[in-house]
$ cat upload-v8.cif   # mmCIF, C-alpha atoms, pLDDT in the B column; chains and numbers go by the auth columns
data_protein
loop_
_atom_site.group_PDB
_atom_site.id
_atom_site.type_symbol
_atom_site.label_atom_id
_atom_site.label_comp_id
_atom_site.label_asym_id
_atom_site.label_seq_id
_atom_site.Cartn_x
_atom_site.Cartn_y
_atom_site.Cartn_z
_atom_site.B_iso_or_equiv
_atom_site.auth_seq_id
_atom_site.auth_asym_id
ATOM 1 C CA MET A 1 125.974 36.176 40.094 82.00 1 A
ATOM 2 C CA THR A 2 124.547 33.269 38.118 91.00 2 A
ATOM 3 C CA LYS A 3 124.503 33.859 34.373 93.00 3 A
ATOM 4 C CA LEU A 4 121.087 33.481 32.743 94.00 4 A
ATOM 5 C CA LEU A 5 121.028 31.253 29.679 95.00 5 A
ATOM 6 C CA PHE A 6 118.420 33.405 27.945 94.00 6 A
ATOM 7 C CA PRO A 7 116.638 36.706 28.626 93.00 7 A
ATOM 8 C CA ILE A 8 113.796 36.823 31.126 92.00 8 A
ATOM 9 C CA PRO A 9 110.505 37.589 29.321 92.00 9 A
ATOM 10 C CA ASP A 10 108.974 40.992 29.873 94.00 10 A
ATOM 11 C CA PRO A 11 106.204 41.040 32.509 95.00 11 A
ATOM 12 C CA VAL A 12 102.656 40.495 31.272 97.00 12 A
ATOM 13 C CA THR A 13 100.596 43.613 32.051 98.00 13 A
ATOM 14 C CA VAL A 14 97.064 44.906 31.480 98.00 14 A
ATOM 15 C CA PRO A 15 96.357 48.656 31.247 98.00 15 A
ATOM 16 C CA LEU A 16 94.017 50.355 33.711 98.00 16 A
ATOM 17 C CA ARG A 17 91.249 52.243 31.983 97.00 17 A
ATOM 18 C CA GLY A 18 91.852 55.993 32.005 96.00 18 A
ATOM 19 C CA GLU A 19 95.130 55.723 33.919 97.00 19 A
ATOM 20 C CA ASP A 20 98.821 55.756 33.145 97.00 20 A
ATOM 21 C CA ALA A 21 99.248 52.501 35.037 96.00 21 A
ATOM 22 C CA ALA A 22 99.354 48.777 34.337 98.00 22 A
ATOM 23 C CA PHE A 23 98.335 45.642 36.238 98.00 23 A
ATOM 24 C CA PRO A 24 101.142 43.024 36.275 98.00 24 A
ATOM 25 C CA VAL A 25 99.635 39.549 35.870 98.00 25 A
ATOM 26 C CA THR A 26 100.992 36.737 38.024 97.00 26 A
ATOM 27 C CA ARG A 27 98.367 33.969 37.717 98.00 27 A
ATOM 28 C CA ILE A 28 95.150 33.282 35.797 98.00 28 A
ATOM 29 C CA PHE A 29 92.385 31.220 37.368 98.00 29 A
ATOM 30 C CA CYS A 30 89.291 30.242 35.366 98.00 30 A
ATOM 31 C CA VAL A 31 85.932 29.064 36.707 96.00 31 A
ATOM 32 C CA GLY A 32 84.166 26.209 34.958 90.00 32 A
ATOM 33 C CA ARG A 33 80.397 25.850 34.461 87.00 33 A
ATOM 34 C CA ASN A 34 79.441 29.049 36.265 93.00 34 A
ATOM 35 C CA TYR A 35 76.316 29.673 34.168 89.00 35 A
ATOM 36 C CA ALA A 36 73.657 26.952 34.283 74.00 36 A
ATOM 37 C CA ASP A 37 72.586 27.495 30.664 74.00 37 A
ATOM 38 C CA HIS A 38 76.157 27.046 29.433 56.00 38 A
ATOM 39 C CA ALA A 39 76.614 23.866 31.461 52.00 39 A
ATOM 40 C CA LYS A 40 73.388 22.547 29.944 60.00 40 A
ATOM 41 C CA GLU A 41 74.452 23.319 26.369 61.00 41 A
ATOM 42 C CA MET A 42 77.696 21.432 27.007 56.00 42 A
ATOM 43 C CA GLY A 43 75.787 18.411 28.304 59.00 43 A
ATOM 44 C CA ASP A 44 76.982 18.925 31.877 61.00 44 A
ATOM 45 C CA GLU A 45 75.344 19.553 35.221 65.00 45 A
ATOM 46 C CA VAL A 46 76.268 22.433 37.495 65.00 46 A
ATOM 47 C CA ASP A 47 77.992 21.324 40.679 63.00 47 A
ATOM 48 C CA ARG A 48 76.308 23.554 43.258 72.00 48 A
ATOM 49 C CA GLU A 49 78.336 22.129 46.132 77.00 49 A
ATOM 50 C CA THR A 50 81.632 23.751 45.162 87.00 50 A
ATOM 51 C CA PRO A 51 83.111 25.758 42.264 92.00 51 A
ATOM 52 C CA PHE A 52 85.813 24.177 40.131 89.00 52 A
ATOM 53 C CA TYR A 53 88.733 25.767 38.335 95.00 53 A
ATOM 54 C CA PHE A 54 91.379 25.427 35.672 96.00 54 A
ATOM 55 C CA THR A 55 94.327 27.712 34.986 98.00 55 A
ATOM 56 C CA LYS A 56 96.014 29.506 32.100 98.00 56 A
ATOM 57 C CA ALA A 57 99.610 30.698 31.942 98.00 57 A
ATOM 58 C CA PRO A 58 100.098 34.490 32.026 98.00 58 A
ATOM 59 C CA ALA A 59 102.362 34.084 28.986 97.00 59 A
ATOM 60 C CA HIS A 60 99.252 33.053 27.017 98.00 60 A
ATOM 61 C CA LEU A 61 97.370 36.275 27.826 98.00 61 A
ATOM 62 C CA ILE A 62 96.958 38.899 25.068 98.00 62 A
ATOM 63 C CA LEU A 63 95.320 42.305 25.027 98.00 63 A
ATOM 64 C CA SER A 64 92.115 43.337 23.327 98.00 64 A
ATOM 65 C CA GLY A 65 92.470 44.406 19.698 98.00 65 A
ATOM 66 C CA ALA A 66 94.871 41.649 18.691 98.00 66 A
ATOM 67 C CA THR A 67 94.737 39.488 15.597 98.00 67 A
ATOM 68 C CA ILE A 68 95.713 35.891 16.334 98.00 68 A
ATOM 69 C CA PRO A 69 96.216 32.860 14.105 98.00 69 A
ATOM 70 C CA TYR A 70 93.603 30.126 14.150 98.00 70 A
ATOM 71 C CA ALA A 71 94.793 27.889 16.972 98.00 71 A
ATOM 72 C CA PRO A 72 96.972 24.910 16.010 98.00 72 A
ATOM 73 C CA GLY A 73 95.918 21.340 16.726 98.00 73 A
ATOM 74 C CA THR A 74 92.167 21.959 16.553 98.00 74 A
ATOM 75 C CA GLN A 75 89.341 21.872 14.041 97.00 75 A
ATOM 76 C CA ASP A 76 86.850 23.376 16.524 98.00 76 A
ATOM 77 C CA PHE A 77 88.181 26.647 17.963 98.00 77 A
ATOM 78 C CA HIS A 78 85.568 28.288 20.245 98.00 78 A
ATOM 79 C CA HIS A 79 84.872 31.665 21.831 98.00 79 A
ATOM 80 C CA GLU A 80 83.790 32.051 25.477 98.00 80 A
ATOM 81 C CA MET A 81 82.945 35.557 26.708 98.00 81 A
ATOM 82 C CA GLU A 82 83.821 36.196 30.377 98.00 82 A
ATOM 83 C CA PHE A 83 83.761 38.715 33.238 98.00 83 A
ATOM 84 C CA VAL A 84 87.227 38.986 34.782 98.00 84 A
ATOM 85 C CA ILE A 85 88.182 39.883 38.355 98.00 85 A
ATOM 86 C CA ALA A 86 91.548 41.574 38.982 99.00 86 A
ATOM 87 C CA ILE A 87 92.878 40.926 42.486 99.00 87 A
ATOM 88 C CA GLY A 88 94.749 43.808 44.095 98.00 88 A
ATOM 89 C CA ALA A 89 95.350 42.640 47.682 98.00 89 A
ATOM 90 C CA ALA A 90 96.602 39.472 49.345 98.00 90 A
ATOM 91 C CA GLY A 91 94.232 37.103 51.079 98.00 91 A
ATOM 92 C CA PHE A 92 94.106 33.543 52.404 98.00 92 A
ATOM 93 C CA ARG A 93 90.976 31.886 53.797 98.00 93 A
ATOM 94 C CA VAL A 94 89.068 35.117 53.328 98.00 94 A
ATOM 95 C CA ALA A 95 85.514 35.304 54.638 98.00 95 A
ATOM 96 C CA GLU A 96 82.873 35.919 51.986 97.00 96 A
ATOM 97 C CA ALA A 97 81.917 39.156 53.749 98.00 97 A
ATOM 98 C CA ASP A 98 85.487 40.428 53.335 98.00 98 A
ATOM 99 C CA ALA A 99 86.179 39.107 49.847 98.00 99 A
ATOM 100 C CA MET A 100 85.409 42.270 47.904 98.00 100 A
ATOM 101 C CA ALA A 101 88.248 44.084 49.696 98.00 101 A
ATOM 102 C CA LEU A 102 90.661 42.037 47.575 98.00 102 A
ATOM 103 C CA VAL A 103 89.257 43.321 44.269 98.00 103 A
ATOM 104 C CA LEU A 104 91.178 45.999 42.407 98.00 104 A
ATOM 105 C CA GLY A 105 88.901 46.013 39.381 98.00 105 A
ATOM 106 C CA TYR A 106 87.210 44.148 36.554 98.00 106 A
ATOM 107 C CA ALA A 107 87.626 43.568 32.833 98.00 107 A
ATOM 108 C CA SER A 108 85.990 41.959 29.830 98.00 108 A
ATOM 109 C CA GLY A 109 87.726 38.788 28.665 98.00 109 A
ATOM 110 C CA LEU A 110 87.670 35.840 26.298 98.00 110 A
ATOM 111 C CA ASP A 111 88.496 32.247 27.226 98.00 111 A
ATOM 112 C CA MET A 112 89.428 30.727 23.851 98.00 112 A
ATOM 113 C CA THR A 113 89.025 26.957 23.750 98.00 113 A
ATOM 114 C CA ARG A 114 90.073 24.053 21.526 98.00 114 A
ATOM 115 C CA ARG A 115 86.687 22.373 21.957 97.00 115 A
ATOM 116 C CA ASP A 116 87.463 19.124 20.169 97.00 116 A
ATOM 117 C CA LEU A 117 90.500 18.584 22.379 97.00 117 A
ATOM 118 C CA GLN A 118 88.461 19.405 25.481 96.00 118 A
ATOM 119 C CA THR A 119 85.742 16.935 24.490 95.00 119 A
ATOM 120 C CA ALA A 120 88.299 14.206 23.865 96.00 120 A
ATOM 121 C CA ALA A 121 89.928 14.887 27.247 95.00 121 A
ATOM 122 C CA LYS A 122 86.584 14.794 29.056 90.00 122 A
ATOM 123 C CA ASP A 123 85.637 11.525 27.370 92.00 123 A
ATOM 124 C CA LYS A 124 88.847 9.940 28.671 94.00 124 A
ATOM 125 C CA SER A 125 88.736 11.666 32.081 94.00 125 A
ATOM 126 C CA ARG A 126 91.966 13.486 31.279 94.00 126 A
ATOM 127 C CA PRO A 127 93.022 17.045 32.207 93.00 127 A
ATOM 128 C CA TRP A 128 91.831 19.939 30.034 91.00 128 A
ATOM 129 C CA ASP A 129 95.219 21.662 29.844 96.00 129 A
ATOM 130 C CA ILE A 130 95.889 21.479 26.100 97.00 130 A
ATOM 131 C CA SER A 131 92.324 22.554 25.304 98.00 131 A
ATOM 132 C CA LYS A 132 92.418 25.642 27.532 98.00 132 A
ATOM 133 C CA ASP A 133 96.022 26.698 28.127 98.00 133 A
ATOM 134 C CA PHE A 134 97.818 27.533 24.885 98.00 134 A
ATOM 135 C CA GLU A 135 99.188 30.594 23.096 98.00 135 A
ATOM 136 C CA ASN A 136 96.628 33.435 22.814 98.00 136 A
ATOM 137 C CA ALA A 137 94.036 31.447 24.781 98.00 137 A
ATOM 138 C CA ALA A 138 93.199 34.301 27.174 98.00 138 A
ATOM 139 C CA VAL A 139 92.194 37.750 25.911 98.00 139 A
ATOM 140 C CA ILE A 140 91.472 40.767 28.110 98.00 140 A
ATOM 141 C CA GLY A 141 90.389 44.383 27.791 98.00 141 A
ATOM 142 C CA PRO A 142 91.569 47.279 29.991 98.00 142 A
ATOM 143 C CA ILE A 143 90.787 46.967 33.690 98.00 143 A
ATOM 144 C CA THR A 144 88.209 49.301 35.259 98.00 144 A
ATOM 145 C CA ARG A 145 88.650 49.964 38.972 98.00 145 A
ATOM 146 C CA ALA A 146 86.024 48.388 41.214 98.00 146 A
ATOM 147 C CA GLY A 147 84.794 51.708 42.563 97.00 147 A
ATOM 148 C CA ALA A 148 84.011 52.961 39.069 98.00 148 A
ATOM 149 C CA PHE A 149 82.201 49.762 38.115 98.00 149 A
ATOM 150 C CA GLY A 150 80.015 49.191 41.150 96.00 150 A
ATOM 151 C CA THR A 151 78.641 45.930 42.523 97.00 151 A
ATOM 152 C CA PRO A 152 78.573 43.051 40.017 97.00 152 A
ATOM 153 C CA GLY A 153 75.097 41.658 39.394 95.00 153 A
ATOM 154 C CA PRO A 154 72.648 43.381 37.049 94.00 154 A
ATOM 155 C CA GLN A 155 75.192 44.169 34.322 98.00 155 A
ATOM 156 C CA ALA A 156 74.703 42.544 30.918 98.00 156 A
ATOM 157 C CA ILE A 157 77.446 40.380 29.416 98.00 157 A
ATOM 158 C CA SER A 158 77.384 39.810 25.668 98.00 158 A
ATOM 159 C CA LEU A 159 79.388 38.812 22.606 98.00 159 A
ATOM 160 C CA LEU A 160 78.980 39.746 18.951 98.00 160 A
ATOM 161 C CA LEU A 161 80.451 37.445 16.310 98.00 161 A
ATOM 162 C CA ASN A 162 80.888 39.377 13.058 98.00 162 A
ATOM 163 C CA GLY A 163 78.341 41.899 14.338 98.00 163 A
ATOM 164 C CA LYS A 164 75.691 39.290 15.179 98.00 164 A
ATOM 165 C CA PRO A 165 74.652 38.354 18.748 98.00 165 A
ATOM 166 C CA ALA A 166 76.202 35.108 19.937 98.00 166 A
ATOM 167 C CA GLN A 167 76.171 35.257 23.756 97.00 167 A
ATOM 168 C CA GLN A 168 73.909 37.254 26.054 96.00 168 A
ATOM 169 C CA SER A 169 73.275 37.064 29.805 96.00 169 A
ATOM 170 C CA ARG A 170 73.685 39.028 33.047 96.00 170 A
ATOM 171 C CA LEU A 171 76.273 38.695 35.784 97.00 171 A
ATOM 172 C CA SER A 172 73.441 37.905 38.195 95.00 172 A
ATOM 173 C CA GLU A 173 73.049 34.579 36.333 94.00 173 A
ATOM 174 C CA MET A 174 76.417 33.335 37.565 95.00 174 A
ATOM 175 C CA VAL A 175 76.024 30.257 39.759 93.00 175 A
ATOM 176 C CA TRP A 176 78.786 31.481 42.076 94.00 176 A
ATOM 177 C CA SER A 177 78.977 35.217 42.793 96.00 177 A
ATOM 178 C CA VAL A 178 82.169 37.273 42.899 98.00 178 A
ATOM 179 C CA PRO A 179 82.518 37.183 46.723 98.00 179 A
ATOM 180 C CA GLU A 180 81.710 33.458 46.785 97.00 180 A
ATOM 181 C CA LEU A 181 84.376 32.699 44.184 97.00 181 A
ATOM 182 C CA ILE A 182 87.047 34.790 45.898 98.00 182 A
ATOM 183 C CA ALA A 183 86.287 33.324 49.313 98.00 183 A
ATOM 184 C CA HIS A 184 86.360 29.753 48.019 97.00 184 A
ATOM 185 C CA LEU A 185 89.461 30.176 45.856 98.00 185 A
ATOM 186 C CA SER A 186 91.264 31.705 48.830 98.00 186 A
ATOM 187 C CA THR A 187 90.882 28.396 50.687 98.00 187 A
ATOM 188 C CA LEU A 188 92.927 26.720 47.947 98.00 188 A
ATOM 189 C CA TYR A 189 95.509 29.422 47.171 98.00 189 A
ATOM 190 C CA HIS A 190 97.096 32.413 48.843 98.00 190 A
ATOM 191 C CA LEU A 191 95.556 35.023 46.556 98.00 191 A
ATOM 192 C CA GLN A 192 97.969 37.787 45.613 98.00 192 A
ATOM 193 C CA PRO A 193 97.938 41.123 43.771 98.00 193 A
ATOM 194 C CA GLY A 194 98.262 40.301 40.091 98.00 194 A
ATOM 195 C CA ASP A 195 95.891 37.333 40.106 98.00 195 A
ATOM 196 C CA LEU A 196 93.099 37.282 37.513 98.00 196 A
ATOM 197 C CA ILE A 197 89.899 35.254 37.828 98.00 197 A
ATOM 198 C CA PHE A 198 87.939 34.519 34.640 98.00 198 A
ATOM 199 C CA THR A 199 84.475 33.843 36.083 98.00 199 A
ATOM 200 C CA GLY A 200 82.917 31.584 33.443 96.00 200 A
ATOM 201 C CA THR A 201 80.900 32.006 30.271 95.00 201 A
ATOM 202 C CA PRO A 202 77.164 32.161 29.529 95.00 202 A
ATOM 203 C CA ALA A 203 75.405 30.028 26.921 92.00 203 A
ATOM 204 C CA GLY A 204 75.999 30.608 23.232 95.00 204 A
ATOM 205 C CA VAL A 205 79.617 29.519 22.891 96.00 205 A
ATOM 206 C CA GLY A 206 80.545 28.417 19.410 97.00 206 A
ATOM 207 C CA PRO A 207 83.198 28.029 16.727 98.00 207 A
ATOM 208 C CA VAL A 208 85.222 30.762 15.092 98.00 208 A
ATOM 209 C CA ALA A 209 86.866 30.756 11.667 98.00 209 A
ATOM 210 C CA SER A 210 89.638 32.683 9.971 98.00 210 A
ATOM 211 C CA GLY A 211 88.488 36.244 9.332 98.00 211 A
ATOM 212 C CA ASP A 212 85.983 36.310 12.190 98.00 212 A
ATOM 213 C CA ARG A 213 85.748 39.380 14.429 98.00 213 A
ATOM 214 C CA LEU A 214 84.727 39.112 18.085 98.00 214 A
ATOM 215 C CA HIS A 215 83.401 42.025 20.145 98.00 215 A
ATOM 216 C CA GLY A 216 82.547 41.303 23.783 98.00 216 A
ATOM 217 C CA GLU A 217 81.050 43.651 26.343 98.00 217 A
ATOM 218 C CA VAL A 218 80.147 43.832 30.005 98.00 218 A
ATOM 219 C CA ASP A 219 78.083 46.903 30.917 98.00 219 A
ATOM 220 C CA GLY A 220 80.397 49.488 32.487 98.00 220 A
ATOM 221 C CA LEU A 221 83.654 47.961 31.235 98.00 221 A
ATOM 222 C CA ALA A 222 85.858 48.511 28.214 98.00 222 A
ATOM 223 C CA PRO A 223 85.041 45.955 25.509 98.00 223 A
ATOM 224 C CA VAL A 224 87.270 43.080 24.451 98.00 224 A
ATOM 225 C CA GLU A 225 87.916 42.614 20.739 98.00 225 A
ATOM 226 C CA LEU A 226 89.683 39.889 18.782 98.00 226 A
ATOM 227 C CA THR A 227 90.226 39.003 15.111 98.00 227 A
ATOM 228 C CA ILE A 228 90.924 35.439 14.010 98.00 228 A
ATOM 229 C CA GLY A 229 93.592 35.146 11.318 98.00 229 A
ATOM 230 C CA ASP A 230 94.688 32.244 9.164 98.00 230 A
ATOM 231 C CA ALA A 231 96.223 29.118 10.653 97.00 231 A
ATOM 232 C CA GLU A 232 100.003 29.086 10.833 92.00 232 A
#
$ encode --input "upload-v8.cif" --output "structure tokens"
Amino acid sequence: MTKLLFPIPDPVTVPLRGEDAAFPVTRIFCVGRNYADHAKEMGDEVDRETPFYFTKAPAHLILSGATIPYAPGTQDFHHEMEFVIAIGAAGFRVAEADAMALVLGYASGLDMTRRDLQTAAKDKSRPWDISKDFENAAVIGPITRAGAFGTPGPQAISLLLNGKPAQQSRLSEMVWSVPELIAHLSTLYHLQPGDLIFTGTPAGVGPVASGDRLHGEVDGLAPVELTIGDAE
């Protein structure tokens, strides 16, 4: 047997709400510009021909309730409140009509972003990786099973920054719906149990500072909470 040079990290898991069970995370996909108002505030146009994606490493996922240091390498650290899909069944080239059968449940999440690095990358037509995929860049609350949540659409999605409203919309405002996203993503990847899909953020994104407290909610889901500490 080959000797490992260092220990294998523990699996990254998310608790299921009200259950003694955990969801092991294998991949994290994120949808860009999935709310028209957010695309507008960022000076972008929504591409209604096809969704687009970026990814985050599971190792960079943390659970709700954490306190994290202000992210290194940025002077413009931003919050983005998101609705998260947890995939519980395998699927490749899934028809939109069958897409919901892949869903195990949903969660509230935060896509934390080094906005100045993202802007610089966009200006030079470079990848967004260092602005989106870094330690503590993905935050998630407990997963609620799909049957307990119902059909995504009318539910409100919101974020409070230090108790004051910062983001507010409804899931029905997403440019691409849950079945549309799953069906399209399944033409690019073999979706597997353990995949998470962060579905994009509504308007109202903005900077955070040391000491700030974030509280995000999607109607029917456990909230996601985060405290920003001092820079390391």
$ resolve_selection --input "upload-v8.cif" --expression "the PyMOL selection byres ((chain A and resi 31) around 12)" --output "PDB file with C-alpha atoms, in the coordinates of the input"
ATOM      1  CA  ILE A  28      95.150  33.282  35.797  1.00 98.00           C
ATOM      2  CA  PHE A  29      92.385  31.220  37.368  1.00 98.00           C
ATOM      3  CA  CYS A  30      89.291  30.242  35.366  1.00 98.00           C
ATOM      4  CA  GLY A  32      84.166  26.209  34.958  1.00 90.00           C
ATOM      5  CA  ARG A  33      80.397  25.850  34.461  1.00 87.00           C
ATOM      6  CA  ASN A  34      79.441  29.049  36.265  1.00 93.00           C
ATOM      7  CA  TYR A  35      76.316  29.673  34.168  1.00 89.00           C
ATOM      8  CA  ALA A  39      76.614  23.866  31.461  1.00 52.00           C
ATOM      9  CA  VAL A  46      76.268  22.433  37.495  1.00 65.00           C
ATOM     10  CA  ASP A  47      77.992  21.324  40.679  1.00 63.00           C
ATOM     11  CA  THR A  50      81.632  23.751  45.162  1.00 87.00           C
ATOM     12  CA  PRO A  51      83.111  25.758  42.264  1.00 92.00           C
ATOM     13  CA  PHE A  52      85.813  24.177  40.131  1.00 89.00           C
ATOM     14  CA  TYR A  53      88.733  25.767  38.335  1.00 95.00           C
ATOM     15  CA  PHE A  54      91.379  25.427  35.672  1.00 96.00           C
ATOM     16  CA  THR A  55      94.327  27.712  34.986  1.00 98.00           C
ATOM     17  CA  LYS A  56      96.014  29.506  32.100  1.00 98.00           C
ATOM     18  CA  GLU A  80      83.790  32.051  25.477  1.00 98.00           C
ATOM     19  CA  GLU A  82      83.821  36.196  30.377  1.00 98.00           C
ATOM     20  CA  PHE A  83      83.761  38.715  33.238  1.00 98.00           C
ATOM     21  CA  VAL A  84      87.227  38.986  34.782  1.00 98.00           C
ATOM     22  CA  ILE A  85      88.182  39.883  38.355  1.00 98.00           C
ATOM     23  CA  ASP A 111      88.496  32.247  27.226  1.00 98.00           C
ATOM     24  CA  LYS A 132      92.418  25.642  27.532  1.00 98.00           C
ATOM     25  CA  MET A 174      76.417  33.335  37.565  1.00 95.00           C
ATOM     26  CA  VAL A 175      76.024  30.257  39.759  1.00 93.00           C
ATOM     27  CA  TRP A 176      78.786  31.481  42.076  1.00 94.00           C
ATOM     28  CA  SER A 177      78.977  35.217  42.793  1.00 96.00           C
ATOM     29  CA  VAL A 178      82.169  37.273  42.899  1.00 98.00           C
ATOM     30  CA  GLU A 180      81.710  33.458  46.785  1.00 97.00           C
ATOM     31  CA  LEU A 181      84.376  32.699  44.184  1.00 97.00           C
ATOM     32  CA  ILE A 182      87.047  34.790  45.898  1.00 98.00           C
ATOM     33  CA  HIS A 184      86.360  29.753  48.019  1.00 97.00           C
ATOM     34  CA  LEU A 185      89.461  30.176  45.856  1.00 98.00           C
ATOM     35  CA  LEU A 196      93.099  37.282  37.513  1.00 98.00           C
ATOM     36  CA  ILE A 197      89.899  35.254  37.828  1.00 98.00           C
ATOM     37  CA  PHE A 198      87.939  34.519  34.640  1.00 98.00           C
ATOM     38  CA  THR A 199      84.475  33.843  36.083  1.00 98.00           C
ATOM     39  CA  GLY A 200      82.917  31.584  33.443  1.00 96.00           C
ATOM     40  CA  THR A 201      80.900  32.006  30.271  1.00 95.00           C
ATOM     41  CA  PRO A 202      77.164  32.161  29.529  1.00 95.00           C
TER      42      PRO A 202
END
$ closest_residue --input "upload-v8.cif" --among "A:Thr13, A:Thr67, A:Thr74, A:Ser158" --to "A:Ile228" --atoms "all atoms listed in the file"
A:Thr67
$ atom_distance --input "upload-v8.cif" --atom1 "atom CA of A:Glu232" --atom2 "atom CA of A:Val25"
27.1 Å
$ closest_residue --input "upload-v8.cif" --among "A:Ser131, A:Ser64, A:Thr2, A:Gln168" --to "A:Ile143" --atoms "only C-alpha atoms"
A:Ser64
$ resolve_selection --input "upload-v8.cif" --expression "the PyMOL selection byres ((chain A and resi 70) around 6)" --output "PDB file with C-alpha atoms, keeping the file's coordinate frame"
ATOM      1  CA  PRO A  69      96.216  32.860  14.105  1.00 98.00           C
ATOM      2  CA  ALA A  71      94.793  27.889  16.972  1.00 98.00           C
ATOM      3  CA  ILE A 228      90.924  35.439  14.010  1.00 98.00           C
ATOM      4  CA  GLY A 229      93.592  35.146  11.318  1.00 98.00           C
ATOM      5  CA  ASP A 230      94.688  32.244   9.164  1.00 98.00           C
ATOM      6  CA  ALA A 231      96.223  29.118  10.653  1.00 97.00           C
TER       7      ALA A 231
END
$ residues_around --input "upload-v8.cif" --residues "stretch 87-89 of chain A" --least-positions-apart "4" --cutoff "10 Å" --atoms "all atoms listed in the file" --output "number ranges by chain"
A: 23, 25, 100-106, 182, 191-197
$ atom_distance --input "upload-v8.cif" --atom1 "atom CA of A:Ile8" --atom2 "atom CA of A:Asp129"
24.0 Å
$ residues_around --input "upload-v8.cif" --residues "A:Pro11" --least-positions-apart "6" --cutoff "9 Å" --atoms "all atoms listed in the file" --output "NGL selection string"
:A and (24-26 or 58-59)
